[in-house]
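Everything below belongs to input-v4.pdb, which stores PDB, C-alpha atoms.
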```pdb
MODEL        1
ATOM      1  CA  MET A1134       5.179  -7.274   2.334
ATOM      2  CA  LYS A1135       7.283  -9.884   0.551
ATOM      3  CA  ALA A1136      11.062  -9.656   0.213
ATOM      4  CA  LYS A1137      12.808 -11.473  -2.626
ATOM      5  CA  ILE A1138      16.514 -11.718  -1.926
ATOM      6  CA  HIS A1139      19.352 -12.864  -4.181
ATOM      7  CA  VAL A1140      22.729 -13.769  -2.672
ATOM      8  CA  THR A1141      25.548 -14.212  -5.187
ATOM      9  CA  LEU A1142      29.289 -14.763  -5.021
ATOM     10  CA  LYS A1143      31.324 -11.603  -5.559
ATOM     11  CA  GLN A1144      33.155 -11.234  -8.831
ATOM     12  CA  GLY A1145      36.511 -12.952  -8.754
ATOM     13  CA  ILE A1146      35.523 -15.482  -6.081
ATOM     14  CA  LEU A1147      36.038 -18.984  -7.422
ATOM     15  CA  ASP A1148      32.718 -20.742  -7.957
ATOM     16  CA  PRO A1149      33.442 -24.465  -8.349
ATOM     17  CA  GLN A1150      29.716 -25.257  -8.610
ATOM     18  CA  GLY A1151      29.322 -22.749 -11.421
ATOM     19  CA  LYS A1152      32.343 -24.260 -13.190
ATOM     20  CA  ALA A1153      30.927 -27.786 -12.884
ATOM     21  CA  ILE A1154      27.584 -26.651 -14.289
ATOM     22  CA  GLU A1155      29.369 -24.823 -17.102
ATOM     23  CA  HIS A1156      31.231 -28.007 -18.035
ATOM     24  CA  ALA A1157      28.005 -30.026 -17.868
ATOM     25  CA  LEU A1158      26.274 -27.545 -20.156
ATOM     26  CA  GLU A1159      29.190 -27.731 -22.565
ATOM     27  CA  SER A1160      28.989 -31.512 -22.665
ATOM     28  CA  LEU A1161      25.269 -31.195 -23.443
ATOM     29  CA  GLY A1162      26.175 -29.183 -26.504
ATOM     30  CA  PHE A1163      25.598 -25.682 -25.116
ATOM     31  CA  ALA A1164      29.065 -24.740 -26.244
ATOM     32  CA  LYS A1165      28.632 -20.977 -26.063
ATOM     33  CA  THR A1166      27.721 -20.890 -22.378
ATOM     34  CA  GLY A1167      30.166 -19.029 -20.181
ATOM     35  CA  HIS A1168      30.636 -17.470 -16.749
ATOM     36  CA  VAL A1169      28.081 -19.661 -14.970
ATOM     37  CA  ARG A1170      27.632 -18.465 -11.381
ATOM     38  CA  VAL A1171      25.498 -20.144  -8.746
ATOM     39  CA  GLY A1172      23.706 -18.102  -6.110
ATOM     40  CA  LYS A1173      20.868 -18.378  -3.600
ATOM     41  CA  TYR A1174      17.326 -17.078  -3.753
ATOM     42  CA  ILE A1175      15.492 -16.404  -0.491
ATOM     43  CA  GLU A1176      11.878 -15.284  -0.188
ATOM     44  CA  LEU A1177      10.251 -14.116   3.022
ATOM     45  CA  ASP A1178       7.227 -12.251   4.375
ATOM     46  CA  LEU A1179       7.608  -9.112   6.470
ATOM     47  CA  ALA A1180       5.023  -7.681   8.867
ATOM     48  CA  GLU A1181       6.463  -4.202   8.291
ATOM     49  CA  GLU A1182       4.288  -2.164   5.922
ATOM     50  CA  ASP A1183       6.533   0.869   5.510
ATOM     51  CA  LYS A1184       8.787   0.193   2.540
ATOM     52  CA  ALA A1185      11.764   2.199   3.794
ATOM     53  CA  LYS A1186      11.689   0.482   7.178
ATOM     54  CA  ALA A1187      11.268  -2.909   5.514
ATOM     55  CA  ALA A1188      14.293  -2.215   3.314
ATOM     56  CA  LEU A1189      16.398  -1.426   6.388
ATOM     57  CA  GLU A1190      15.233  -4.624   8.032
ATOM     58  CA  VAL A1191      16.084  -6.767   5.008
ATOM     59  CA  LYS A1192      19.476  -5.084   4.634
ATOM     60  CA  SER A1193      20.235  -5.889   8.261
ATOM     61  CA  MET A1194      19.146  -9.533   7.749
ATOM     62  CA  CYS A1195      21.470  -9.814   4.762
ATOM     63  CA  GLU A1196      24.434  -8.272   6.572
ATOM     64  CA  LYS A1197      23.976 -10.331   9.730
ATOM     65  CA  LEU A1198      22.965 -13.726   8.390
ATOM     66  CA  LEU A1199      21.799 -14.224   4.842
ATOM     67  CA  ALA A1200      25.063 -13.250   3.113
ATOM     68  CA  ASN A1201      28.693 -13.528   4.140
ATOM     69  CA  THR A1202      29.901 -10.217   2.790
ATOM     70  CA  ILE A1203      33.519 -11.362   2.587
ATOM     71  CA  ILE A1204      32.573 -13.436  -0.452
ATOM     72  CA  GLU A1205      28.964 -12.625  -1.269
ATOM     73  CA  ASP A1206      26.876  -9.736  -2.572
ATOM     74  CA  TYR A1207      23.135  -9.433  -2.050
ATOM     75  CA  ARG A1208      20.239  -7.566  -3.620
ATOM     76  CA  TYR A1209      16.558  -7.572  -2.830
ATOM     77  CA  ASP A1210      13.159  -6.531  -4.114
ATOM     78  CA  LEU A1211      10.235  -5.628  -1.890
ATOM     79  CA  GLN A1212       6.721  -6.296  -3.106
ATOM     80  CA  GLY A1213       3.301  -5.528  -1.696
TER      81      GLY A1213
ATOM     82  CA  MET B 304      41.333 -29.139  34.011
ATOM     83  CA  ASN B 305      37.732 -28.833  32.859
ATOM     84  CA  ILE B 306      37.304 -28.730  29.109
ATOM     85  CA  GLY B 307      33.966 -27.748  27.612
ATOM     86  CA  VAL B 308      32.781 -29.323  24.384
ATOM     87  CA  LEU B 309      29.984 -27.395  22.675
ATOM     88  CA  VAL B 310      27.115 -29.418  21.252
ATOM     89  CA  PHE B 311      24.965 -28.023  18.448
ATOM     90  CA  PRO B 312      22.131 -29.817  16.679
ATOM     91  CA  GLY B 313      24.122 -31.752  14.069
ATOM     92  CA  SER B 314      27.479 -31.845  15.883
ATOM     93  CA  ASN B 315      28.883 -35.344  15.408
ATOM     94  CA  CYS B 316      32.480 -35.222  16.638
ATOM     95  CA  ASP B 317      31.540 -33.968  20.099
ATOM     96  CA  HIS B 318      31.815 -37.368  21.784
ATOM     97  CA  ASP B 319      35.103 -38.137  20.015
ATOM     98  CA  CYS B 320      36.515 -34.966  21.557
ATOM     99  CA  GLU B 321      35.029 -35.887  24.933
ATOM    100  CA  HIS B 322      36.565 -39.378  24.703
ATOM    101  CA  VAL B 323      40.076 -38.136  23.888
ATOM    102  CA  PHE B 324      40.200 -35.410  26.519
ATOM    103  CA  LYS B 325      38.626 -37.615  29.202
ATOM    104  CA  ASP B 326      39.802 -41.180  28.531
ATOM    105  CA  VAL B 327      43.093 -40.584  26.713
ATOM    106  CA  LEU B 328      44.310 -37.361  28.355
ATOM    107  CA  GLY B 329      42.635 -37.778  31.756
ATOM    108  CA  GLN B 330      40.872 -34.399  31.928
ATOM    109  CA  ASP B 331      37.371 -33.489  33.080
ATOM    110  CA  VAL B 332      35.016 -32.756  30.217
ATOM    111  CA  THR B 333      31.710 -30.892  30.299
ATOM    112  CA  MET B 334      29.359 -31.194  27.349
ATOM    113  CA  VAL B 335      27.729 -27.779  26.799
ATOM    114  CA  TRP B 336      24.422 -27.660  24.904
ATOM    115  CA  HIS B 337      24.245 -24.722  22.516
ATOM    116  CA  LYS B 338      21.290 -23.177  24.406
ATOM    117  CA  GLU B 339      23.493 -22.543  27.465
ATOM    118  CA  HIS B 340      24.376 -18.940  28.290
ATOM    119  CA  SER B 341      27.457 -19.510  30.413
ATOM    120  CA  LEU B 342      30.846 -21.160  30.109
ATOM    121  CA  SER B 343      31.919 -20.365  33.645
ATOM    122  CA  GLY B 344      34.162 -22.883  35.358
ATOM    123  CA  LEU B 345      35.679 -24.096  32.086
ATOM    124  CA  ASP B 346      39.414 -23.912  31.362
ATOM    125  CA  ALA B 347      39.104 -24.281  27.585
ATOM    126  CA  VAL B 348      36.387 -24.802  25.007
ATOM    127  CA  VAL B 349      36.284 -27.095  21.977
ATOM    128  CA  VAL B 350      33.910 -26.350  19.115
ATOM    129  CA  PRO B 351      33.668 -29.798  17.522
ATOM    130  CA  GLY B 352      33.108 -30.974  13.981
ATOM    131  CA  GLY B 353      29.890 -32.103  12.406
ATOM    132  CA  PHE B 354      27.087 -30.549  10.423
ATOM    133  CA  SER B 355      25.562 -27.991  12.760
ATOM    134  CA  TYR B 356      22.095 -27.062  11.525
ATOM    135  CA  GLY B 357      22.642 -29.301   8.506
ATOM    136  CA  ASP B 358      25.057 -26.756   7.012
ATOM    137  CA  TYR B 359      21.967 -24.794   5.963
ATOM    138  CA  LEU B 360      22.607 -21.401   4.316
ATOM    139  CA  ARG B 361      26.398 -21.634   4.833
ATOM    140  CA  THR B 362      28.483 -23.894   7.059
ATOM    141  CA  GLY B 363      28.409 -22.514  10.602
ATOM    142  CA  ALA B 364      26.186 -19.567   9.641
ATOM    143  CA  ILE B 365      23.272 -20.473  11.883
ATOM    144  CA  ALA B 366      25.210 -22.073  14.729
ATOM    145  CA  ARG B 367      27.046 -18.816  15.287
ATOM    146  CA  PHE B 368      23.810 -17.262  16.592
ATOM    147  CA  SER B 369      23.202 -19.974  19.186
ATOM    148  CA  PRO B 370      23.025 -18.518  22.716
ATOM    149  CA  VAL B 371      26.282 -20.184  23.797
ATOM    150  CA  MET B 372      28.176 -18.213  21.153
ATOM    151  CA  ASN B 373      27.770 -14.965  23.122
ATOM    152  CA  ALA B 374      29.398 -16.691  26.067
ATOM    153  CA  LEU B 375      32.132 -17.979  23.761
ATOM    154  CA  GLN B 376      32.850 -14.413  22.557
ATOM    155  CA  SER B 377      33.351 -13.313  26.186
ATOM    156  CA  PHE B 378      35.355 -16.445  27.014
ATOM    157  CA  SER B 379      37.751 -15.828  24.136
ATOM    158  CA  ALA B 380      37.962 -12.085  24.805
ATOM    159  CA  ALA B 381      39.092 -12.961  28.342
ATOM    160  CA  GLY B 382      41.915 -15.047  26.873
ATOM    161  CA  GLY B 383      40.385 -18.517  27.276
ATOM    162  CA  LEU B 384      41.680 -21.171  24.886
ATOM    163  CA  VAL B 385      39.236 -22.102  22.127
ATOM    164  CA  LEU B 386      39.812 -24.889  19.588
ATOM    165  CA  GLY B 387      37.506 -25.193  16.574
ATOM    166  CA  ILE B 388      37.778 -28.371  14.536
ATOM    167  CA  CYS B 389      36.320 -28.643  11.023
ATOM    168  CA  ASN B 390      32.709 -27.440  11.372
ATOM    169  CA  GLY B 391      33.884 -25.821  14.613
ATOM    170  CA  PHE B 392      36.460 -23.876  12.583
ATOM    171  CA  GLN B 393      33.708 -22.852  10.143
ATOM    172  CA  ILE B 394      31.551 -21.643  13.058
ATOM    173  CA  LEU B 395      34.454 -19.585  14.485
ATOM    174  CA  LEU B 396      34.938 -17.969  11.055
ATOM    175  CA  GLU B 397      31.252 -17.086  10.746
ATOM    176  CA  ALA B 398      31.295 -15.726  14.303
ATOM    177  CA  GLY B 399      34.229 -13.468  13.466
ATOM    178  CA  LEU B 400      36.438 -15.080  16.119
ATOM    179  CA  LEU B 401      38.823 -15.957  13.288
ATOM    180  CA  PRO B 402      39.307 -14.074  10.010
ATOM    181  CA  GLY B 403      38.151 -15.399   6.632
ATOM    182  CA  VAL B 404      35.605 -17.818   5.265
ATOM    183  CA  MET B 405      35.360 -21.328   3.817
ATOM    184  CA  LEU B 406      34.454 -21.897   0.184
ATOM    185  CA  ARG B 407      33.359 -25.199  -1.325
ATOM    186  CA  ASN B 408      36.354 -27.483  -1.991
ATOM    187  CA  ALA B 409      37.879 -26.609  -5.356
ATOM    188  CA  SER B 410      37.205 -30.187  -6.554
ATOM    189  CA  LEU B 411      33.568 -29.933  -5.375
ATOM    190  CA  HIS B 412      34.015 -33.306  -3.651
ATOM    191  CA  PHE B 413      33.548 -34.140  -0.007
ATOM    192  CA  ILE B 414      37.075 -35.262   0.892
ATOM    193  CA  CYS B 415      37.662 -37.806   3.646
ATOM    194  CA  LYS B 416      41.282 -38.954   3.892
ATOM    195  CA  ASP B 417      44.530 -38.603   5.789
ATOM    196  CA  VAL B 418      46.522 -35.508   4.855
ATOM    197  CA  CYS B 419      49.893 -34.193   5.959
ATOM    198  CA  ILE B 420      50.104 -30.850   7.667
ATOM    199  CA  LYS B 421      53.154 -28.873   8.639
ATOM    200  CA  VAL B 422      53.357 -27.243  12.060
ATOM    201  CA  GLU B 423      54.355 -23.695  11.143
ATOM    202  CA  SER B 424      54.826 -22.622  14.729
ATOM    203  CA  ALA B 425      55.400 -24.598  17.906
ATOM    204  CA  ALA B 426      55.110 -21.379  19.910
ATOM    205  CA  THR B 427      51.349 -21.602  20.391
ATOM    206  CA  PRO B 428      49.299 -23.054  23.262
ATOM    207  CA  PHE B 429      48.043 -25.693  20.798
ATOM    208  CA  THR B 430      51.357 -26.879  19.364
ATOM    209  CA  GLY B 431      53.781 -26.583  22.280
ATOM    210  CA  GLY B 432      54.477 -30.325  22.174
ATOM    211  CA  CYS B 433      55.354 -30.260  18.463
ATOM    212  CA  ARG B 434      58.494 -29.103  16.706
ATOM    213  CA  SER B 435      58.267 -26.178  14.292
ATOM    214  CA  GLY B 436      58.269 -27.704  10.823
ATOM    215  CA  GLN B 437      57.076 -31.092  12.109
ATOM    216  CA  VAL B 438      54.807 -32.979   9.704
ATOM    217  CA  LEU B 439      51.649 -34.509  11.192
ATOM    218  CA  ARG B 440      49.333 -36.977   9.474
ATOM    219  CA  ILE B 441      45.742 -36.181  10.384
ATOM    220  CA  PRO B 442      42.458 -36.954   8.601
ATOM    221  CA  ILE B 443      40.233 -34.354   7.001
ATOM    222  CA  ALA B 444      36.531 -34.871   6.265
ATOM    223  CA  HIS B 445      34.828 -31.886   4.692
ATOM    224  CA  ALA B 446      33.170 -30.387   1.619
ATOM    225  CA  ASP B 447      33.829 -26.757   2.539
ATOM    226  CA  GLY B 448      37.438 -26.418   3.608
ATOM    227  CA  ASN B 449      38.735 -24.124   0.899
ATOM    228  CA  TYR B 450      40.024 -21.278   3.065
ATOM    229  CA  TYR B 451      39.604 -17.822   1.589
ATOM    230  CA  THR B 452      40.085 -14.287   2.776
ATOM    231  CA  ASP B 453      40.763 -10.938   1.158
ATOM    232  CA  PRO B 454      44.394 -10.162   0.193
ATOM    233  CA  VAL B 455      44.855  -7.578   2.970
ATOM    234  CA  THR B 456      43.705  -9.978   5.692
ATOM    235  CA  LEU B 457      45.783 -12.794   4.204
ATOM    236  CA  ALA B 458      48.902 -10.623   4.271
ATOM    237  CA  SER B 459      48.199  -9.653   7.863
ATOM    238  CA  ILE B 460      47.676 -13.226   9.136
ATOM    239  CA  GLN B 461      50.859 -14.288   7.340
ATOM    240  CA  ALA B 462      52.817 -11.380   8.796
ATOM    241  CA  ASN B 463      51.532 -12.087  12.327
ATOM    242  CA  ALA B 464      52.422 -15.786  12.116
ATOM    243  CA  GLN B 465      48.757 -16.706  12.525
ATOM    244  CA  VAL B 466      48.987 -19.582  10.058
ATOM    245  CA  VAL B 467      49.592 -22.544  12.369
ATOM    246  CA  PHE B 468      49.158 -25.494   9.974
ATOM    247  CA  ARG B 469      49.698 -25.819   6.218
ATOM    248  CA  TYR B 470      48.874 -28.784   3.989
ATOM    249  CA  CYS B 471      52.145 -30.326   2.833
ATOM    250  CA  THR B 472      53.760 -33.377   1.269
ATOM    251  CA  PRO B 473      54.861 -36.218   3.596
ATOM    252  CA  ASP B 474      58.359 -34.721   3.572
ATOM    253  CA  GLY B 475      57.095 -31.299   4.562
ATOM    254  CA  ARG B 476      57.018 -29.378   1.301
ATOM    255  CA  VAL B 477      54.108 -26.957   0.947
ATOM    256  CA  THR B 478      53.105 -27.498  -2.683
ATOM    257  CA  PRO B 479      49.910 -27.020  -4.728
ATOM    258  CA  ASP B 480      49.647 -30.816  -5.135
ATOM    259  CA  ALA B 481      49.581 -31.262  -1.349
ATOM    260  CA  ASN B 482      46.627 -28.884  -1.059
ATOM    261  CA  PRO B 483      43.491 -31.057  -0.905
ATOM    262  CA  ASN B 484      40.817 -28.383  -1.151
ATOM    263  CA  GLY B 485      42.168 -25.241  -2.816
ATOM    264  CA  SER B 486      42.828 -23.274   0.392
ATOM    265  CA  LEU B 487      44.753 -20.036  -0.012
ATOM    266  CA  ASP B 488      48.408 -20.514   0.872
ATOM    267  CA  ASN B 489      47.697 -24.216   1.727
ATOM    268  CA  ILE B 490      46.115 -23.036   4.986
ATOM    269  CA  ALA B 491      44.862 -25.903   7.178
ATOM    270  CA  GLY B 492      44.675 -24.019  10.486
ATOM    271  CA  ILE B 493      44.920 -20.447  11.751
ATOM    272  CA  ARG B 494      44.789 -18.675  15.076
ATOM    273  CA  ASN B 495      43.509 -15.247  16.014
ATOM    274  CA  ALA B 496      45.807 -12.263  16.555
ATOM    275  CA  GLN B 497      45.771 -12.777  20.354
ATOM    276  CA  GLY B 498      46.764 -16.407  19.834
ATOM    277  CA  ASN B 499      44.161 -18.047  22.081
ATOM    278  CA  VAL B 500      41.717 -19.199  19.383
ATOM    279  CA  LEU B 501      42.722 -21.889  16.873
ATOM    280  CA  GLY B 502      40.673 -23.225  13.985
ATOM    281  CA  MET B 503      41.762 -26.261  11.973
ATOM    282  CA  MET B 504      40.099 -28.398   9.319
ATOM    283  CA  PRO B 505      41.909 -31.701  10.097
ATOM    284  CA  HIS B 506      40.507 -33.807  12.953
ATOM    285  CA  PRO B 507      43.127 -34.431  15.678
ATOM    286  CA  GLU B 508      40.528 -36.223  17.841
ATOM    287  CA  ARG B 509      40.286 -38.966  15.206
ATOM    288  CA  CYS B 510      43.928 -39.981  15.503
ATOM    289  CA  ALA B 511      44.881 -39.621  19.136
ATOM    290  CA  GLU B 512      45.460 -43.162  20.373
ATOM    291  CA  SER B 513      47.626 -46.075  19.314
ATOM    292  CA  ILE B 514      44.706 -48.474  18.834
ATOM    293  CA  LEU B 515      43.708 -46.313  15.870
ATOM    294  CA  GLY B 516      47.152 -46.634  14.327
ATOM    295  CA  ASN B 517      47.977 -42.954  14.517
ATOM    296  CA  GLU B 518      48.637 -40.704  17.505
ATOM    297  CA  ASP B 519      49.629 -37.506  15.726
ATOM    298  CA  GLY B 520      46.411 -35.763  16.782
ATOM    299  CA  ARG B 521      47.233 -36.426  20.395
ATOM    300  CA  LEU B 522      50.227 -34.100  20.090
ATOM    301  CA  ILE B 523      47.881 -31.180  19.420
ATOM    302  CA  LEU B 524      45.274 -32.014  22.082
ATOM    303  CA  ALA B 525      47.910 -32.803  24.721
ATOM    304  CA  SER B 526      49.687 -29.546  23.820
ATOM    305  CA  MET B 527      46.405 -27.751  24.438
ATOM    306  CA  VAL B 528      46.081 -29.301  27.914
ATOM    307  CA  GLU B 529      49.622 -28.154  28.645
ATOM    308  CA  GLY B 530      48.787 -24.750  27.109
ATOM    309  CA  ILE B 531      45.893 -24.355  29.545
ATOM    310  CA  ARG B 532      48.258 -25.033  32.467
ATOM    311  CA  LYS B 533      50.534 -22.248  31.267
ATOM    312  CA  THR B 534      47.808 -19.670  30.590
ATOM    313  CA  LYS B 535      45.750 -20.427  33.676
ATOM    314  CA  PRO B 536      46.099 -17.946  36.531
ATOM    315  CA  ALA B 537      48.175 -19.452  39.339
ATOM    316  CA  HIS B 538      45.488 -19.035  42.018
ATOM    317  CA  VAL B 539      42.871 -21.129  40.215
TER     318      VAL B 539
ENDMDL
END
```
Exercise: express the given structure as structure tokens:
Amino acid sequence: MKAKIHVTLKQGILDPQGKAIEHALESLGFAKTGHVRVGKYIELDLAEEDKAKAALEVKSMCEKLLANTIIEDYRYDLQG
Amino acid sequence: MNIGVLVFPGSNCDHDCEHVFKDVLGQDVTMVWHKEHSLSGLDAVVVPGGFSYGDYLRTGAIARFSPVMNALQSFSAAGGLVLGICNGFQILLEAGLLPGVMLRNASLHFICKDVCIKVESAATPFTGGCRSGQVLRIPIAHADGNYYTDPVTLASIQANAQVVFRYCTPDGRVTPDANPNGSLDNIAGIRNAQGNVLGMMPHPERCAESILGNEDGRLILASMVEGIRKTKPAHV
């Protein structure tokens, strides 16, 4: 089974990278771009075949390591 | 006094810390590889700066799961003095030994320069040789030093006098202009509620001897040696 995980900054947390990209897009002429936020995408294979158990495992990975839940949210999709 | 300096893959201020504690302050130093499971026999532990695990995922996020970190949790729970500098501070935050997290610097730049910090409290084992309100000039060198925590935690660390250092002007005013990285409340260093764990972004080990033209950092590291003497059980 494959897990596809997105880690993003929580709303309200300053995202200087997003701001810099927003300004760069503006200077390229994409004037109507707003609220650019940068996150992380993580993909991994799981040996677990039971979807419910796999979901628990991925949740635990996110809580323990993949996201810092003080500033980040995470979501994931399981496939296969 | 035997001071342990943790070494992770990517630590690069470990030998600077070793040099200052050993050659400048005359203490024994033990370098502790991150795969070790024990910190027994040590009087204090320094988590040095650098780029542990290449800062992959988040600064300090992977180092915090190194085997030695379990021993560090026990060491700090038993009241042992722990100093985290720069990446060491980031590791202590990820490990939950200190509250909060580091965001990317507000300017997005890696900043490497001398800054002024104000000693908010001289009543800690790390600042006993300083005066409260004293301004120290110490270099920073980081990309992720923008201290952040939720409003409730921030209020609690302020109320408990856990903010030990704040970025300030050379004459000691804590202003937005003196804040190099966007940290909440100009925070440059905090301690835990028990007071035995300190994390700071500036590098005292880089300015601890006269040949370098600045000895302000020595005040902090020498205070720590003195702090160990005071906290150490008399029979040891």
Legend entry - Near-Val1169 in chain A list (12 Å; only C-alpha atoms; drop same-chain fewer than 3 positions) as a VMD selection string: chain A and resid 1141 to 1142 1144 1147 to 1159 1165 to 1166 1172
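Running the PyMOL selection byres ((chain B) within 10 of (chain A)) on this file leaves Leu360, Arg361, Ala364, Ile365, Arg367, Phe368, Glu397, Pro402, Gly403, Val404, Met405, Leu406, Arg407, Asn408, Ala409, Ser410, Leu411, Tyr451, Thr452, Asp453 and Gly485 of chain B selected.
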Excluding Glu1190 in chain A and its own-chain neighbours fewer than 3 positions away, which residues fall within 12 Å of it when counting all atoms listed in the file? Please give them as a PDB file with C-alpha atoms, keeping the file's coordinate frame.
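What follows is the written file result11.pdb:
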```
ATOM      1  CA  MET A1134       5.179  -7.274   2.334  1.00  0.00           C
ATOM      2  CA  ALA A1136      11.062  -9.656   0.213  1.00  0.00           C
ATOM      3  CA  LEU A1177      10.251 -14.116   3.022  1.00  0.00           C
ATOM      4  CA  ASP A1178       7.227 -12.251   4.375  1.00  0.00           C
ATOM      5  CA  LEU A1179       7.608  -9.112   6.470  1.00  0.00           C
ATOM      6  CA  ALA A1180       5.023  -7.681   8.867  1.00  0.00           C
ATOM      7  CA  GLU A1181       6.463  -4.202   8.291  1.00  0.00           C
ATOM      8  CA  GLU A1182       4.288  -2.164   5.922  1.00  0.00           C
ATOM      9  CA  ASP A1183       6.533   0.869   5.510  1.00  0.00           C
ATOM     10  CA  LYS A1184       8.787   0.193   2.540  1.00  0.00           C
ATOM     11  CA  ALA A1185      11.764   2.199   3.794  1.00  0.00           C
ATOM     12  CA  LYS A1186      11.689   0.482   7.178  1.00  0.00           C
ATOM     13  CA  ALA A1187      11.268  -2.909   5.514  1.00  0.00           C
ATOM     14  CA  SER A1193      20.235  -5.889   8.261  1.00  0.00           C
ATOM     15  CA  MET A1194      19.146  -9.533   7.749  1.00  0.00           C
ATOM     16  CA  CYS A1195      21.470  -9.814   4.762  1.00  0.00           C
ATOM     17  CA  GLU A1196      24.434  -8.272   6.572  1.00  0.00           C
ATOM     18  CA  LYS A1197      23.976 -10.331   9.730  1.00  0.00           C
ATOM     19  CA  LEU A1198      22.965 -13.726   8.390  1.00  0.00           C
ATOM     20  CA  TYR A1209      16.558  -7.572  -2.830  1.00  0.00           C
ATOM     21  CA  LEU A1211      10.235  -5.628  -1.890  1.00  0.00           C
TER      22      LEU A1211
END
```
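Picture a line from CA of Gln376 in chain B to CA of Pro428 in chain B; it runs 18.6 Å.
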Inset, instruction - Excluding Ser355 in chain B and any residue of its chain fewer than 6 positions from it, enumerate the residues within 6 Å of it, using all atoms listed in the file, and give them as a list in words. - result: Phe311, Pro312, Gly313 and Ser314 of chain B
Inset, instruction - Extract, using only C-alpha atoms, all DNA, RNA and protein residues at most 9 Å from Asp1210 in chain A, discarding same-chain residues fewer than 5 positions from it, and format them as an NGL selection string. - result: :A and (1135-1139 or 1188)
Legend entry - Picked residues, the PyMOL selection byres ((chain B and resi 387) around 6), as a count of residues only: 7
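Straight-line separation from CA of Ser424 in chain B to CA of Glu512 in chain B: 23.3 Å.
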Inset, instruction - For CA of Asn305 in chain B and CA of Val348 in chain B, quote the distance in Å rounded to one decimal. - result: 8.9 Å
Legend entry - Selected residue, from B:Lys416, B:Met304, B:Thr534, B:Phe429, that lies nearest to Gly329 in chain B when counting all atoms listed in the file: B:Met304
Legend entry - Residue IDs satisfying the PyMOL selection byres ((chain B and resi 504) around 6), as a PyMOL selection string: chain B and resi 388-389+491+503+505
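Residues surrounding Leu457 in chain B within 12 Å are Leu401, Pro402, Gly403, Val404, Tyr450, Tyr451, Thr452, Asp453, Gln461, Ala462, Asn463, Ala464, Gln465, Val466, Ser486, Leu487, Asp488, Asn489, Ile490 and Ile493 of chain B [all atoms listed in the file; sequence separation below 4 positions excluded].
Residues with at least one atom no more than 12 Å from (43.5, -41.4, 6.3), using all atoms listed in the file, are Ile414, Cys415, Lys416, Asp417, Val418, Cys419, Leu439, Arg440, Ile441, Pro442, Ile443, Ala444, Pro505, His506, Pro507, Arg509, Cys510, Leu515, Gly516, Asn517 and Asp519 of chain B.
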Inset, instruction - In the coordinate frame of the file, compute which residues have an atom within 12 Å of (47.2, -20.7, 31.2) when using only C-alpha atoms, and state them as a PyMOL selection string. - result: chain B and resi 304+346-347+381-384+427-429+499+526-539
Inset, instruction - Would you please work out which residue, of B:Val335, B:Cys471, B:Val455, B:Ala446, is nearest to His318 in chain B when using all atoms listed in the file? - result: B:Val335
